[in-house]
Amino acid sequence: MSWLIFAFSGSVLWAISTHLDKYLVERFFKNSDVAVLLVFTALVGIVTLPFIWLFVPAVLFVRAADMGLMTLSGVGGTSLVSIRFGKHAARFKARIAGLMLTCAMFVALSSLLFKIFAVRDEFWTTTFWMFVGEGIFGAVLLAYAPYRRQFMALLRQNTGAVLAINAANELINLGGGLGNRYALMLAPLSLVQAIGSTTSLFVFAFGVVLSLCLPALGRESISASELTQKGGAALLVAVGVILVSG
């Protein structure tokens, strides 16, 4: 059952990363597109590549077709849905729901491709080419002039804070991703994905703790209606995990 530890490590670390993302957006990205955050994710992946290559030189010796698919899974894994929370954010919005479902589909496809190649080939080889895909995705974002200008402006205005918080955030995100991917090698995809769905529960739990203990760093609505709504969502997630596991 060691796969459970790796799977839950992904959920817990991603929940922490989500709160750091929220802090970054509210503190430094108010006038920037949230997609610029993905550039930092791509940079961490690129920085990691030489270390993986030194550790496992064989990562470069793969078939071109496999290389392309593994890289594609990395691009899919960095898909981002930007949700704007406005005055009426509590209402159900079909467009937002559609974007979220599309994002979930790409993440699921990325996980499937990773499992196929990691089981057949090797964990670090697959991880290496996924990071290459993330790097390509980041390069595409930087090629878009508005994102590039926003990225450079952020670095000029808040160099130390942005780099330090983003570095910590992306290392946590990286740890969560590696834990989740390693769990994919040890257990069925459906089980790992089911455990991954508990990320939202940890996000809510950490949000409540921050609201009560460190409100300056983050706030989570804990009104009766919010608790009822999120409690219902938690119940659905738990039922889903039980059904998939059974």
# chains A, B, ... in the order shown; residues from 1 in each chain; ligands from 1
$ residues_around --residues "region 38-48 of chain A" --least-positions-apart "3" --cutoff "9 Å" --atoms "only C-alpha atoms" --output "list in words"
Val34, Ala35, Phe51, Ile52, Trp53, Thr78, Ser79, Leu80, Phe128, Met130, Phe131, Val132, Gly133, Glu134, Gly135, Ile136, Phe137, Gly138, Ala139, Leu141, Leu142, Phe151, Leu163, Asn166, Ala167, Glu170, Leu171, Asn173 and Leu174 of chain A
$ atom_distance --atom1 "CA of Gly179 (chain A)" --atom2 "CA of Gly10 (chain A)"
5.3 Å
$ residues_around --residues "Asn180 (chain A)" --least-positions-apart "6" --cutoff "12 Å" --atoms "only C-alpha atoms" --output "PyMOL selection string"
chain A and resi 2-14+111+114-115+123+127+173-174+186-189+191-197+199
$ closest_residue --among "A:Ala15, A:Leu101, A:Leu235, A:Leu113" --to "Ala205 (chain A)" --atoms "only C-alpha atoms"
A:Ala15
$ select_by_dssp --residues "region 59-216 of chain A" --states "alpha helix (DSSP H)" --output "MDAnalysis selection string"
chainID A and resid 64:77 94:120 123:143 145:157 159:186 189:196 199:213
$ write_last_selection --atoms "C-alpha atoms" --output "CSV table (one decimal), in the first residue's frame"
chain,number,residue,atom,x,y,z
A,64,ALA,CA,11.4,9.5,-31.6
A,65,ALA,CA,7.7,8.6,-31.5
A,66,ASP,CA,7.9,7.8,-27.8
A,67,MET,CA,9.8,11.0,-27.2
A,68,GLY,CA,7.1,13.0,-28.9
A,69,LEU,CA,4.2,11.3,-26.9
A,70,MET,CA,6.0,11.7,-23.6
A,71,THR,CA,6.7,15.4,-24.4
A,72,LEU,CA,3.0,15.8,-25.4
A,73,SER,CA,2.0,14.5,-22.0
A,74,GLY,CA,4.1,17.2,-20.4
A,75,VAL,CA,2.4,19.9,-22.4
A,76,GLY,CA,-1.1,18.5,-21.5
A,77,GLY,CA,-0.1,18.3,-17.8
A,94,ALA,CA,-21.4,26.6,-18.0
A,95,ARG,CA,-18.3,28.1,-19.6
A,96,ILE,CA,-16.2,27.7,-16.5
A,97,ALA,CA,-17.5,24.2,-15.9
A,98,GLY,CA,-16.6,23.4,-19.5
A,99,LEU,CA,-13.1,24.8,-19.1
A,100,MET,CA,-12.6,22.8,-15.9
A,101,LEU,CA,-13.8,19.6,-17.6
A,102,THR,CA,-11.5,20.2,-20.5
A,103,CYS,CA,-8.6,20.8,-18.2
A,104,ALA,CA,-9.4,17.6,-16.2
A,105,MET,CA,-9.5,15.7,-19.5
A,106,PHE,CA,-6.0,16.9,-20.5
A,107,VAL,CA,-4.7,16.0,-17.0
A,108,ALA,CA,-6.2,12.6,-17.2
A,109,LEU,CA,-4.8,12.0,-20.7
A,110,SER,CA,-1.4,13.2,-19.4
A,111,SER,CA,-1.5,10.7,-16.5
A,112,LEU,CA,-2.5,7.9,-18.8
A,113,LEU,CA,0.4,8.6,-21.2
A,114,PHE,CA,2.8,8.8,-18.3
A,115,LYS,CA,1.7,5.5,-16.8
A,116,ILE,CA,2.0,3.8,-20.2
A,117,PHE,CA,5.6,4.9,-20.8
A,118,ALA,CA,6.8,4.8,-17.2
A,119,VAL,CA,5.7,1.2,-16.7
A,120,ARG,CA,7.1,0.1,-20.1
A,123,PHE,CA,10.2,6.5,-14.5
A,124,TRP,CA,12.9,9.1,-14.9
A,125,THR,CA,13.0,8.8,-18.6
A,126,THR,CA,9.3,9.6,-18.8
A,127,THR,CA,9.6,12.3,-16.2
A,128,PHE,CA,12.5,13.9,-18.2
A,129,TRP,CA,10.5,14.2,-21.4
A,130,MET,CA,7.4,15.4,-19.6
A,131,PHE,CA,9.6,18.3,-18.2
A,132,VAL,CA,10.7,19.0,-21.8
A,133,GLY,CA,7.1,19.3,-22.7
A,134,GLU,CA,6.5,21.7,-19.9
A,135,GLY,CA,9.5,23.7,-21.0
A,136,ILE,CA,8.1,23.9,-24.5
A,137,PHE,CA,4.8,25.1,-23.1
A,138,GLY,CA,6.5,27.8,-21.1
A,139,ALA,CA,8.5,28.9,-24.2
A,140,VAL,CA,5.2,29.2,-26.2
A,141,LEU,CA,3.8,31.4,-23.4
A,142,LEU,CA,6.9,33.6,-23.4
A,143,ALA,CA,6.6,33.9,-27.2
A,145,ALA,CA,4.3,39.3,-26.3
A,146,PRO,CA,1.8,40.4,-23.6
A,147,TYR,CA,2.8,37.4,-21.4
A,148,ARG,CA,6.5,38.1,-22.0
A,149,ARG,CA,6.1,41.8,-21.0
A,150,GLN,CA,4.1,40.9,-17.9
A,151,PHE,CA,6.7,38.3,-16.9
A,152,MET,CA,9.6,40.7,-17.2
A,153,ALA,CA,7.7,43.5,-15.4
A,154,LEU,CA,7.0,41.1,-12.5
A,155,LEU,CA,10.7,40.3,-12.2
A,156,ARG,CA,11.7,43.9,-12.4
A,157,GLN,CA,9.2,45.1,-9.8
A,159,THR,CA,12.5,40.3,-8.1
A,160,GLY,CA,13.4,38.8,-4.7
A,161,ALA,CA,9.9,38.1,-3.4
A,162,VAL,CA,8.5,36.7,-6.7
A,163,LEU,CA,11.5,34.5,-7.2
A,164,ALA,CA,11.7,33.2,-3.6
A,165,ILE,CA,8.0,32.5,-3.2
A,166,ASN,CA,7.7,31.0,-6.7
A,167,ALA,CA,10.8,28.8,-6.2
A,168,ALA,CA,9.3,27.4,-3.0
A,169,ASN,CA,5.9,27.0,-4.6
A,170,GLU,CA,7.3,25.2,-7.6
A,171,LEU,CA,9.5,22.9,-5.6
A,172,ILE,CA,6.4,21.9,-3.6
A,173,ASN,CA,4.4,21.5,-6.8
A,174,LEU,CA,7.3,19.4,-8.2
A,175,GLY,CA,7.3,17.2,-5.2
A,176,GLY,CA,3.5,16.6,-5.5
A,177,GLY,CA,3.8,15.8,-9.2
A,178,LEU,CA,6.6,13.3,-8.6
A,179,GLY,CA,4.7,11.6,-5.8
A,180,ASN,CA,1.6,11.3,-7.9
A,181,ARG,CA,3.5,10.0,-10.9
A,182,TYR,CA,5.4,7.4,-8.9
A,183,ALA,CA,2.0,6.2,-7.4
A,184,LEU,CA,0.9,5.7,-11.0
A,185,MET,CA,3.6,3.1,-11.4
A,186,LEU,CA,2.4,1.2,-8.4
A,189,LEU,CA,-4.7,4.9,-12.9
A,190,SER,CA,-8.3,5.1,-11.6
A,191,LEU,CA,-7.3,4.6,-8.0
A,192,VAL,CA,-4.5,7.2,-8.2
A,193,GLN,CA,-6.8,9.7,-9.9
A,194,ALA,CA,-9.5,9.1,-7.3
A,195,ILE,CA,-7.0,9.9,-4.5
A,196,GLY,CA,-5.9,12.9,-6.5
A,199,THR,CA,-6.8,17.7,-3.3
A,200,SER,CA,-9.8,20.0,-3.0
A,201,LEU,CA,-10.5,18.7,0.5
A,202,PHE,CA,-7.0,19.5,1.6
A,203,VAL,CA,-7.2,22.9,0.0
A,204,PHE,CA,-10.4,23.6,2.0
A,205,ALA,CA,-8.9,22.2,5.3
A,206,PHE,CA,-5.7,24.3,4.9
A,207,GLY,CA,-7.8,27.3,4.0
A,208,VAL,CA,-9.8,27.0,7.2
A,209,VAL,CA,-6.6,26.7,9.3
A,210,LEU,CA,-5.1,29.8,7.6
A,211,SER,CA,-8.4,31.8,8.2
A,212,LEU,CA,-8.3,30.9,11.9
A,213,CYS,CA,-4.6,31.1,12.6
$ atom_distance --atom1 "CA of Ala234 (chain A)" --atom2 "CA of Thr198 (chain A)"
8.0 Å
$ closest_residue --among "A:Gly231, A:Val59, A:Tyr144, A:Ala238" --to "Asp33 (chain A)" --atoms "only C-alpha atoms"
A:Tyr144
$ closest_residue --among "A:Ala216, A:Val239, A:Ala58, A:Leu49" --to "Arg27 (chain A)" --atoms "only C-alpha atoms"
A:Ala216
